[in-house]
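What follows is model_3.csv (CSV, C-alpha atoms).
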chain,number,residue,atom,x,y,z
H,1,MET,CA,0.0,0.0,0.0
H,2,ALA,CA,2.9,2.3,0.9
H,3,LEU,CA,2.6,6.0,1.9
H,4,ASN,CA,-0.1,8.2,0.4
H,5,SER,CA,1.7,11.5,-0.2
H,6,TYR,CA,5.5,11.0,0.0
H,7,GLY,CA,7.9,13.8,-0.6
H,8,VAL,CA,10.4,16.3,0.8
H,9,LEU,CA,9.7,19.6,2.6
H,10,LYS,CA,12.4,22.2,2.1
H,11,GLY,CA,12.4,25.3,4.3
H,12,ARG,CA,13.8,27.1,7.3
H,13,ALA,CA,13.5,26.0,11.0
H,14,ILE,CA,12.1,28.8,13.1
H,15,ALA,CA,11.0,27.0,16.3
H,16,ARG,CA,11.1,23.5,18.0
H,17,ARG,CA,9.7,21.5,20.8
H,18,LEU,CA,11.2,18.4,22.5
H,19,GLY,CA,9.2,15.2,22.3
H,20,SER,CA,7.3,14.2,25.4
H,21,GLY,CA,4.2,12.3,26.5
H,22,SER,CA,3.0,8.8,25.6
H,23,SER,CA,3.9,9.1,21.9
H,24,PRO,CA,6.7,11.6,21.8
H,25,HIS,CA,7.7,13.4,18.6
H,26,TYR,CA,10.4,16.0,18.3
H,27,GLN,CA,8.5,18.9,16.6
H,28,ILE,CA,10.1,21.5,14.2
H,29,HIS,CA,8.3,24.6,12.9
H,30,ILE,CA,9.3,25.2,9.3
H,31,VAL,CA,8.5,28.1,6.9
H,32,ASP,CA,9.1,28.1,3.2
H,33,GLU,CA,10.1,31.0,0.9
H,34,VAL,CA,6.5,32.2,0.3
H,35,GLY,CA,5.7,32.1,4.0
H,36,THR,CA,3.7,28.8,4.1
H,37,GLN,CA,4.1,27.2,7.5
H,38,TYR,CA,4.6,23.5,8.3
H,39,ARG,CA,5.4,21.3,11.2
H,40,ILE,CA,7.6,18.2,11.0
H,41,ALA,CA,7.0,15.5,13.6
H,42,ILE,CA,9.9,13.2,14.2
H,43,ASN,CA,9.4,10.0,16.2
H,44,VAL,CA,11.7,9.7,19.1
H,45,LYS,CA,10.1,6.6,20.7
H,46,SER,CA,8.6,3.5,19.2
H,47,GLN,CA,5.1,2.3,19.9
H,48,LEU,CA,6.4,-1.3,19.6
H,49,ALA,CA,9.0,-2.9,21.9
H,50,PRO,CA,11.9,-2.2,22.1
H,51,SER,CA,10.8,1.4,22.4
H,52,GLU,CA,14.2,3.0,21.7
H,53,LEU,CA,14.7,4.1,18.1
H,54,MET,CA,17.8,3.2,16.1
H,55,TYR,CA,19.5,6.5,15.0
H,56,HIS,CA,22.5,7.6,13.0
H,57,ILE,CA,23.6,11.2,12.6
H,58,LYS,CA,26.2,11.9,9.9
H,59,SER,CA,27.7,15.3,10.6
H,60,HIS,CA,29.4,15.6,7.2
H,61,PHE,CA,27.0,13.8,4.8
H,62,ILE,CA,28.4,13.2,1.3
H,63,HIS,CA,26.0,11.6,-1.2
H,64,PRO,CA,24.8,12.3,-4.7
H,65,LEU,CA,21.3,12.8,-3.2
H,66,THR,CA,22.3,16.3,-2.1
H,67,ASP,CA,22.8,17.5,-5.7
H,68,VAL,CA,19.3,16.3,-6.6
H,69,VAL,CA,17.4,17.9,-3.7
H,70,SER,CA,19.3,21.1,-3.4
H,71,VAL,CA,17.8,22.4,-6.7
H,72,LEU,CA,14.2,21.6,-5.6
H,73,PRO,CA,11.9,24.6,-5.0
H,74,SER,CA,11.1,25.7,-1.4
H,75,GLY,CA,8.1,24.0,0.1
H,76,PHE,CA,6.7,20.5,-0.3
H,77,ASN,CA,7.8,18.5,-3.3
H,78,ARG,CA,6.2,15.1,-4.2
H,79,LEU,CA,8.9,12.5,-5.0
H,80,ALA,CA,8.4,9.5,-7.2
H,81,PRO,CA,9.5,6.1,-5.6
H,82,ASN,CA,12.6,5.6,-7.7
H,83,PRO,CA,16.4,6.2,-7.3
H,84,VAL,CA,16.6,9.4,-9.4
H,85,SER,CA,13.8,11.5,-8.0
H,86,GLY,CA,15.5,12.4,-4.7
H,87,ALA,CA,13.5,9.9,-2.7
H,88,LEU,CA,15.2,8.1,0.2
H,89,ASP,CA,15.7,4.4,0.6
H,90,LEU,CA,18.1,3.7,3.5
H,91,ILE,CA,18.8,0.2,2.1
H,92,ARG,CA,18.9,0.6,-1.7
H,93,GLY,CA,20.3,4.2,-1.7
H,94,ASN,CA,23.3,3.1,0.5
H,95,LEU,CA,22.6,6.0,2.8
H,96,VAL,CA,23.7,4.3,6.1
H,97,GLN,CA,25.4,1.0,7.1
H,98,PRO,CA,23.3,-1.0,9.6
H,99,ALA,CA,26.2,-1.3,12.1
H,100,LEU,CA,26.3,2.5,12.4
H,101,MET,CA,22.7,2.7,13.8
H,102,THR,CA,22.5,2.8,17.6
H,103,PRO,CA,19.4,2.5,19.9
H,104,LEU,CA,18.9,5.5,22.1
H,105,PRO,CA,16.1,6.5,24.6
H,106,HIS,CA,14.3,9.7,23.9
H,107,ASP,CA,14.6,11.2,27.4
H,108,LEU,CA,17.4,10.6,29.9
H,109,PRO,CA,18.8,12.7,32.8
H,110,GLY,CA,22.0,14.6,31.9
H,111,PRO,CA,23.2,16.5,28.8
H,112,ASP,CA,23.6,15.2,25.3
H,113,ASN,CA,22.7,11.6,26.0
H,114,ASP,CA,19.2,11.1,24.5
H,115,LEU,CA,17.6,11.3,21.1
H,116,ASN,CA,15.7,14.6,21.9
H,117,GLU,CA,19.0,16.3,22.7
H,118,LYS,CA,20.9,14.8,19.7
H,119,LEU,CA,18.3,16.3,17.4
H,120,ASP,CA,18.1,19.5,19.3
H,121,GLN,CA,21.8,20.3,18.8
H,122,ILE,CA,21.4,20.3,15.1
H,123,VAL,CA,18.1,22.1,15.0
H,124,GLN,CA,19.3,24.9,17.3
H,125,ARG,CA,22.2,25.4,15.0
H,126,ALA,CA,19.9,25.5,12.0
H,127,MET,CA,17.6,28.0,13.7
H,128,ALA,CA,20.6,30.3,14.5
H,129,ASP,CA,21.8,30.3,10.9
H,130,GLU,CA,19.7,32.3,8.4
H,131,GLU,CA,21.2,30.5,5.5
H,132,ALA,CA,20.5,27.0,6.8
H,133,LEU,CA,17.9,24.8,5.2
H,134,VAL,CA,16.0,21.8,6.4
H,135,TYR,CA,14.9,18.9,4.1
H,136,ALA,CA,12.4,16.7,5.8
H,137,PHE,CA,11.4,13.4,4.0
H,138,GLY,CA,8.2,11.7,4.8
H,139,GLU,CA,4.4,11.7,4.3
H,140,ARG,CA,2.5,15.0,3.9
H,141,TRP,CA,-0.6,15.9,5.9
H,142,GLY,CA,-2.8,18.9,5.4
H,143,PRO,CA,-3.5,21.7,4.8
H,144,GLU,CA,-6.1,21.2,7.5
H,145,ASN,CA,-8.6,24.1,6.8
H,146,ASN,CA,-9.9,25.9,9.9
H,147,LYS,CA,-7.7,23.8,12.2
H,148,ALA,CA,-4.7,25.5,13.8
H,149,ASP,CA,-1.5,23.5,14.4
H,150,LYS,CA,-1.7,22.1,17.9
H,151,TYR,CA,2.0,22.9,18.8
H,152,PHE,CA,2.8,26.1,17.1
H,153,GLY,CA,-0.6,27.6,16.5
H,154,PHE,CA,-0.4,28.5,12.8
H,155,LEU,CA,-3.4,28.2,10.5
H,156,PRO,CA,-4.0,25.9,8.6
H,157,GLY,CA,-2.3,22.9,10.1
H,158,ASN,CA,0.2,21.4,7.7
H,159,GLY,CA,3.2,19.2,7.8
H,160,ILE,CA,5.3,16.0,7.4
H,161,HIS,CA,5.4,12.9,9.5
H,162,ASP,CA,6.7,9.3,9.1
H,163,ILE,CA,10.2,10.7,9.2
H,164,HIS,CA,11.8,7.3,9.6
H,165,MET,CA,12.5,4.1,7.7
H,166,ASN,CA,9.2,3.1,6.0
H,167,GLN,CA,9.8,-0.5,5.0
H,168,GLY,CA,10.3,-3.9,6.8
H,169,ASN,CA,7.5,-3.1,9.2
H,170,VAL,CA,5.5,-5.6,11.4
H,171,GLY,CA,1.9,-5.8,12.5
H,172,ARG,CA,-0.5,-3.1,11.4
H,173,PHE,CA,2.4,-1.0,10.1
H,174,ILE,CA,3.1,-3.4,7.2
H,175,ALA,CA,0.5,-1.4,5.2
H,176,ASP,CA,3.0,1.5,5.2
H,177,ASP,CA,5.8,-0.6,3.5
H,178,GLY,CA,7.3,0.5,0.3
H,179,VAL,CA,10.6,1.1,-1.4
H,180,TRP,CA,12.1,4.5,-2.1
H,181,GLN,CA,9.9,6.2,0.4
H,182,ASP,CA,11.9,6.3,3.6
H,183,GLY,CA,11.9,9.3,5.9
H,184,GLY,CA,14.9,11.2,7.1
H,185,VAL,CA,16.1,14.8,7.7
H,186,LEU,CA,19.0,16.6,5.9
H,187,PHE,CA,20.3,19.9,7.2
H,188,HIS,CA,22.3,22.1,4.8
H,189,PHE,CA,24.6,24.8,6.1
H,190,PRO,CA,25.8,26.6,3.0
H,191,LEU,CA,28.3,28.9,4.7
H,192,GLN,CA,30.2,25.9,5.9
H,193,GLN,CA,29.5,23.9,2.8
H,194,GLN,CA,28.2,21.1,5.1
H,195,TRP,CA,25.3,18.7,5.0
H,196,THR,CA,24.2,16.8,8.1
H,197,ALA,CA,21.9,13.8,7.9
H,198,VAL,CA,19.6,12.2,10.5
H,199,PHE,CA,18.3,8.7,9.8
H,200,LEU,CA,15.9,6.8,12.1
H,201,LYS,CA,14.7,3.2,12.2
H,202,PHE,CA,12.5,1.2,14.6
H,203,GLN,CA,14.1,-1.8,16.1
H,204,SER,CA,11.1,-3.9,14.9
H,205,GLN,CA,11.9,-3.1,11.3
H,206,SER,CA,14.0,-5.4,9.1
H,207,TRP,CA,17.1,-4.4,7.1
H,208,HIS,CA,16.4,-6.9,4.3
H,209,THR,CA,13.2,-6.2,2.3
H,210,HIS,CA,11.5,-7.0,-1.0
H,211,ASP,CA,12.6,-4.8,-3.9
H,212,VAL,CA,9.0,-4.1,-4.9
H,213,THR,CA,6.8,-4.3,-1.8
H,214,GLY,CA,9.3,-3.3,0.9
H,215,HIS,CA,8.0,-6.1,3.0
H,216,THR,CA,10.4,-8.1,5.3
H,217,LEU,CA,12.1,-11.0,3.5
H,218,SER,CA,12.0,-14.3,5.3
H,219,MET,CA,15.3,-14.7,7.0
H,220,GLY,CA,14.8,-17.9,9.0
H,221,GLU,CA,14.7,-18.0,12.8
H,222,GLU,CA,17.2,-15.3,13.5
H,223,ARG,CA,14.5,-12.6,12.9
H,224,GLY,CA,10.8,-13.0,13.3
H,225,PRO,CA,7.9,-10.6,13.5
H,226,LEU,CA,8.5,-10.1,17.2
H,227,ASN,CA,12.2,-10.6,17.1
H,228,PRO,CA,13.8,-7.5,15.5
H,229,ASP,CA,17.2,-7.3,13.9
H,230,PRO,CA,19.7,-8.8,16.5
H,231,ILE,CA,22.6,-6.6,17.5
H,232,VAL,CA,25.5,-8.9,16.7
H,233,PRO,CA,29.2,-8.1,16.5
H,234,GLN,CA,29.8,-9.9,13.2
H,235,PRO,CA,27.8,-10.6,10.1
H,236,THR,CA,26.4,-14.1,9.5
H,237,GLU,CA,25.3,-16.0,6.4
H,238,SER,CA,21.7,-15.1,6.9
H,239,LEU,CA,22.4,-11.5,8.1
H,240,PRO,CA,25.3,-10.8,5.7
H,241,ASP,CA,25.7,-7.0,6.1
H,242,GLY,CA,29.4,-6.3,5.9
H,243,LEU,CA,30.6,-9.8,5.3
H,244,VAL,CA,32.3,-8.5,2.2
H,245,ARG,CA,33.0,-4.8,1.8
H,246,ILE,CA,33.5,-2.4,-1.1
H,247,ILE,CA,36.6,-0.5,-0.3
H,248,ALA,CA,37.5,1.4,-3.5
H,249,ALA,CA,36.3,2.1,-7.0
H,250,LEU,CA,37.6,3.8,-10.2
H,251,VAL,CA,34.6,5.4,-11.7
H,252,ASN,CA,36.4,7.9,-14.0
H,253,SER,CA,39.3,6.4,-15.8
H,254,LYS,CA,41.8,8.1,-18.2
H,255,GLU,CA,41.3,5.4,-20.8
H,256,SER,CA,38.9,5.6,-23.7
H,257,PRO,CA,36.6,3.8,-23.5
H,258,GLU,CA,36.7,4.0,-19.7
H,259,LYS,CA,37.7,1.0,-17.8
H,260,GLU,CA,36.0,1.1,-14.4
H,261,TRP,CA,36.7,-1.2,-11.5
H,262,VAL,CA,35.5,-1.9,-8.0
H,263,GLN,CA,37.7,-3.4,-5.2
H,264,ILE,CA,36.2,-5.6,-2.5
H,265,LEU,CA,37.5,-7.0,0.8
H,266,ASN,CA,36.5,-10.3,2.5
H,267,ALA,CA,36.0,-9.0,6.0
H,268,SER,CA,35.3,-12.4,7.5
H,269,ASP,CA,37.3,-15.4,8.8
H,270,ARG,CA,36.1,-17.8,6.0
H,271,VAL,CA,36.5,-18.4,2.3
H,272,ILE,CA,33.6,-16.7,0.5
H,273,SER,CA,32.2,-18.1,-2.7
H,274,LEU,CA,31.1,-15.3,-5.1
H,275,ALA,CA,29.1,-17.7,-7.3
H,276,ASP,CA,25.7,-16.1,-8.1
H,277,TRP,CA,26.7,-12.9,-6.4
H,278,HIS,CA,26.1,-9.6,-8.2
H,279,LEU,CA,27.5,-6.0,-8.4
H,280,ALA,CA,24.7,-3.4,-9.0
H,281,ASP,CA,24.8,0.2,-10.0
H,282,LYS,CA,22.4,3.1,-9.2
H,283,GLN,CA,19.9,1.9,-11.8
H,284,LYS,CA,20.1,-1.6,-10.3
H,285,ALA,CA,21.7,-3.1,-13.4
H,286,LYS,CA,23.4,-6.2,-12.1
H,287,MET,CA,26.8,-7.8,-13.1
H,288,PRO,CA,27.4,-11.4,-12.1
H,289,LEU,CA,30.4,-12.4,-10.1
H,290,SER,CA,32.3,-15.6,-9.7
H,291,GLY,CA,35.3,-17.2,-8.0
H,292,THR,CA,36.2,-17.3,-4.3
H,293,LEU,CA,37.7,-14.8,-1.9
H,294,ASP,CA,40.0,-15.9,0.9
H,295,PRO,CA,39.7,-14.5,4.4
H,296,GLY,CA,41.1,-11.0,4.5
H,297,ALA,CA,41.8,-11.0,0.7
H,298,THR,CA,40.8,-8.3,-1.7
H,299,LEU,CA,39.6,-8.6,-5.3
H,300,ARG,CA,39.5,-6.0,-8.1
H,301,ILE,CA,36.4,-6.5,-10.3
H,302,ASP,CA,36.4,-5.0,-13.7
H,303,VAL,CA,33.0,-3.5,-14.3
H,304,GLN,CA,31.2,-4.8,-17.4
H,305,PRO,CA,27.8,-4.0,-19.0
H,306,PRO,CA,25.0,-3.7,-18.2
H,307,THR,CA,26.5,-2.3,-15.0
H,308,ALA,CA,28.0,1.2,-15.3
H,309,LEU,CA,29.5,3.7,-12.9
H,310,SER,CA,28.5,7.3,-13.7
H,311,ASN,CA,30.9,10.1,-13.4
H,312,LYS,CA,28.0,12.3,-12.1
H,313,GLY,CA,27.7,10.4,-8.8
H,314,GLY,CA,26.2,7.1,-8.0
H,315,ILE,CA,25.8,4.1,-5.8
H,316,ILE,CA,27.5,0.7,-5.9
H,317,THR,CA,25.8,-2.3,-4.2
H,318,LEU,CA,27.1,-5.9,-3.5
H,319,LEU,CA,24.4,-8.6,-3.4
H,320,ASN,CA,24.9,-12.2,-2.3
H,321,GLN,CA,23.6,-15.4,-3.9
H,322,ASN,CA,20.2,-14.8,-2.3
H,323,GLY,CA,19.9,-11.3,-3.6
H,324,LEU,CA,20.5,-9.8,-0.1
H,325,LYS,CA,22.5,-6.6,0.2
H,326,VAL,CA,25.9,-7.4,1.7
H,327,HIS,CA,27.4,-3.9,1.4
H,328,GLY,CA,26.9,-0.6,-0.4
H,329,VAL,CA,28.6,2.7,-1.0
H,330,SER,CA,27.9,6.0,-2.7
H,331,TYR,CA,29.9,8.7,-4.3
H,332,THR,CA,29.3,12.2,-5.6
H,333,LYS,CA,30.1,14.0,-8.8
H,334,GLN,CA,32.8,16.0,-7.0
H,335,GLN,CA,34.4,12.8,-5.8
H,336,ALA,CA,34.5,11.5,-9.3
H,337,ASN,CA,35.9,14.6,-11.0
H,338,GLN,CA,39.6,13.5,-11.0
H,339,PRO,CA,40.2,11.0,-13.9
H,340,GLY,CA,42.4,8.1,-13.0
H,341,TRP,CA,42.0,8.6,-9.2
H,342,PRO,CA,40.2,5.8,-7.3
H,343,ILE,CA,37.6,6.7,-4.7
H,344,VAL,CA,38.4,5.1,-1.4
H,345,PHE,CA,35.4,4.2,0.8
The structure given in the file should be rewritten as structure tokens.
Amino acid sequence: MALNSYGVLKGRAIARRLGSGSSPHYQIHIVDEVGTQYRIAINVKSQLAPSELMYHIKSHFIHPLTDVVSVLPSGFNRLAPNPVSGALDLIRGNLVQPALMTPLPHDLPGPDNDLNEKLDQIVQRAMADEEALVYAFGERWGPENNKADKYFGFLPGNGIHDIHMNQGNVGRFIADDGVWQDGGVLFHFPLQQQWTAVFLKFQSQSWHTHDVTGHTLSMGEERGPLNPDPIVPQPTESLPDGLVRIIAALVNSKESPEKEWVQILNASDRVISLADWHLADKQKAKMPLSGTLDPGATLRIDVQPPTALSNKGGIITLLNQNGLKVHGVSYTKQQANQPGWPIVF
């Protein structure tokens, strides 16, 4: 079923309220260039156990996505569910590695130790900077005619919610599943030439989802509908995230025609068979792999059609024999602008 009205809101932050109560949301008051007012509601606690959200804040976010959304007009922009519109997919867009996400309560005694405070640091900085812009990805609500916003009082009520991963859900939330419709928040600080990203995920949500429906893939007994992603120190065969890693790529060679390559590393303690594995580009064109990779060994893979690595920025994804994502990286146009120089991830 997916979300009804997915897109990104672009505007300035002018006020905020910390999340509290039985269903706490961190609230941000946003205004666009023509003065339209919005509220973005960011979940800081899950309705399902475990209640702590998984979060990752990337202070210096570098990804081709920023080039796409920075040229969008101020206000709300509908985004098609695909990899070129500017839509988010935490999994397929290689926006964050699972191991980087950490569970955190929304409210704890002491400074800078809960999710409310982590968000507030960034939002306060954005409010103090007249050039800073907020990009909130999620589902639109409103305008609600003759109904004032219950937190900031503007009329009509209007805003964005579901600012978290929107796939791999359980229970009644499965109806919200979809691909290329994840929530998140980007903050752009032009004076510092800096982007900061905030990504959130419920612990009940799965990392491996169907490429069309966004529903959880069956992963055996390690993960069930009431048993969320386990926090494990090392990847396993059924939870392969990071088993093999992409460590470098040449996406802009000096030769004509260009000869692109990707280098991978076996980060495990076992021999890995690459039979039926694939390397995928931003358009999800897949190139089959073969051979084996010894523990700790690296392998340079020459990229062949239909897979291609654009010089204008892109993503590279490694899929195992079951089609599960093992690792993924992204690079920008700026990173690819030096012919002959590999990009190191």
Practice problem: To one decimal in Å, tell me the separation between CA of Val244 (chain H) and CA of Gly183 (chain H). | Solution: 27.3 Å
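Counting only C-alpha atoms and comparing H:Ile14, H:Ile62, H:Ile264, H:Val212, the residue that lies closest to Asn82 (chain H) is H:Val212.
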Quiz prompt | Pick from H:Ser253, H:Thr292, H:Thr307, H:Thr317, whichever lies nearest to Gln338 (chain H) using all atoms listed in the file | solution = H:Ser253
Wanna dump the region 144-259 of chain H-region 31-41 of chain H contacts at 7 Å for me, each residue with its shortest atom pair and the distance in Å to one decimal, counting all atoms listed in the file, ordered by chain and number, as a tab-separated table?
residue	atom	partner	partner_atom	distance
H:Asn158	CA	H:Tyr38	CA	4.9
H:Gly159	CA	H:Tyr38	CA	4.5
H:Ile160	CA	H:Ile40	CA	4.8
H:His161	CA	H:Ala41	CA	5.1
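Put simply, CA of Val303 (chain H) is 19.9 Å away from CA of Leu324 (chain H).
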Practice problem: Take CA of Tyr331 (chain H) and CA of Leu299 (chain H) and report the distance between them in Å, one decimal. | Solution: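 Straight-line distance from CA of Tyr331 (chain H) to CA of Leu299 (chain H) works out to 19.9 Å.
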Per residue of region 264-304 of chain H within 12 Å of region 84-89 of chain H, record the nearest atom pair and its distance in Å to one decimal, counting all atoms listed in the file, with rows in chain order and ascending residue number, as a Markdown table.
| residue | atom | partner | partner_atom | distance |
| --- | --- | --- | --- | --- |
| H:Lys282 | CA | H:Val84 | CA | 8.6 |
| H:Gln283 | CA | H:Val84 | CA | 8.5 |
| H:Lys284 | CA | H:Val84 | CA | 11.6 |
Keeping C-alpha atoms, export the residues of the selection given above as a PDB file, in the coordinates of the input.
ATOM      1  CA  LYS H 282      22.400   3.100  -9.200  1.00  0.00           C
ATOM      2  CA  GLN H 283      19.900   1.900 -11.800  1.00  0.00           C
ATOM      3  CA  LYS H 284      20.100  -1.600 -10.300  1.00  0.00           C
TER       4      LYS H 284
END
Exercise. Give the answer as one residue: which of H:Lys254, H:Arg92, H:Lys45, H:Arg125 has the shortest atom-to-atom distance to Gln181 (chain H), using only C-alpha atoms?
Key: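 So, comparing all the options, the nearest one is H:Arg92.
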Quiz prompt | Expected answer as a list in words: all residues with atoms within 6 Å of (34.3, 6.6, -12.0), only C-alpha atoms | solution =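 Checking each residue against the 6 Å limit leaves Leu250, Val251, Asn252, Leu309, Asn311 and Ala336 of chain H.
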Please write the residues from the selection above to a file, keeping C-alpha atoms, as a PDB file, in the coordinates of the input.
ATOM      1  CA  LEU H 250      37.600   3.800 -10.200  1.00  0.00           C
ATOM      2  CA  VAL H 251      34.600   5.400 -11.700  1.00  0.00           C
ATOM      3  CA  ASN H 252      36.400   7.900 -14.000  1.00  0.00           C
ATOM      4  CA  LEU H 309      29.500   3.700 -12.900  1.00  0.00           C
ATOM      5  CA  ASN H 311      30.900  10.100 -13.400  1.00  0.00           C
ATOM      6  CA  ALA H 336      34.500  11.500  -9.300  1.00  0.00           C
TER       7      ALA H 336
END
Exercise. Find the spatial neighbours of region 94-100 of chain H, counting all atoms listed in the file, within a cut-off of 8 Å - ignore same-chain residues fewer than 4 positions away - and output them as a ChimeraX atom specification.
Key: /H:56,63,89-90,199,207,241,315,317,327-330
Would you mind exporting C-alpha atoms of the selected residues as a PDB file, in the coordinates of the input?
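Output contents, as saved in selection.pdb:
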ATOM      1  CA  HIS H  56      22.500   7.600  13.000  1.00  0.00           C
ATOM      2  CA  HIS H  63      26.000  11.600  -1.200  1.00  0.00           C
ATOM      3  CA  ASP H  89      15.700   4.400   0.600  1.00  0.00           C
ATOM      4  CA  LEU H  90      18.100   3.700   3.500  1.00  0.00           C
ATOM      5  CA  PHE H 199      18.300   8.700   9.800  1.00  0.00           C
ATOM      6  CA  TRP H 207      17.100  -4.400   7.100  1.00  0.00           C
ATOM      7  CA  ASP H 241      25.700  -7.000   6.100  1.00  0.00           C
ATOM      8  CA  ILE H 315      25.800   4.100  -5.800  1.00  0.00           C
ATOM      9  CA  THR H 317      25.800  -2.300  -4.200  1.00  0.00           C
ATOM     10  CA  HIS H 327      27.400  -3.900   1.400  1.00  0.00           C
ATOM     11  CA  GLY H 328      26.900  -0.600  -0.400  1.00  0.00           C
ATOM     12  CA  VAL H 329      28.600   2.700  -1.000  1.00  0.00           C
ATOM     13  CA  SER H 330      27.900   6.000  -2.700  1.00  0.00           C
TER      14      SER H 330
END
Self-check item: Spatial neighbours of Asn43 (chain H), max dist 7 Å, only C-alpha atoms, sep filter under 4 positions, as a VMD selection string
Solution: chain H and resid 24 to 26
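Taking only C-alpha atoms into account, Gly11 (chain H) lies nearest to H:Glu130 out of the set H:Glu130, H:Asp107, H:Asp211, H:Asp176.
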Quiz item: Of the candidates H:Asn77, H:Asn169, H:Gln47, H:Thr298, which one gets nearest to Lys10 (chain H) if we count only C-alpha atoms?
Solution: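 Checking each candidate against Lys10 (chain H), we get H:Asn77 as the closest.
Of the residues listed (H:Leu243, H:Ile174, H:Val326, H:Ala2), H:Ile174 shows the shortest atom-to-atom separation from Thr216 (chain H); distances use all atoms listed in the file.
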Quiz item: Which residues, written as JSON, numbers by chain, have at least one atom at most 7 Å from region 108-117 of chain H, with all atoms listed in the file counted and residues fewer than 4 positions away on the same chain left out?
Solution: {"H": [18, 19, 26, 44, 104, 121]}
Selection from above, C-alpha atoms, as a PDB file, in the coordinates of the input, can you write it?
ATOM      1  CA  LEU H  18      11.200  18.400  22.500  1.00  0.00           C
ATOM      2  CA  GLY H  19       9.200  15.200  22.300  1.00  0.00           C
ATOM      3  CA  TYR H  26      10.400  16.000  18.300  1.00  0.00           C
ATOM      4  CA  VAL H  44      11.700   9.700  19.100  1.00  0.00           C
ATOM      5  CA  LEU H 104      18.900   5.500  22.100  1.00  0.00           C
ATOM      6  CA  GLN H 121      21.800  20.300  18.800  1.00  0.00           C
TER       7      GLN H 121
END
Exercise. List the neighbours of Leu186 (chain H) out to 6 Å using all atoms listed in the file; skip same-chain residues closer than 2 positions along the sequence, and give me the result as a count of residues only.
Key: 3
Quiz item: Leaving out Leu48 (chain H) and any residue of its chain fewer than 4 positions from it, which residues lie within 9 Å of it when counting all atoms listed in the file, given as a list of chain:residue names?
Solution: H:Phe202, H:Gln203, H:Ser204
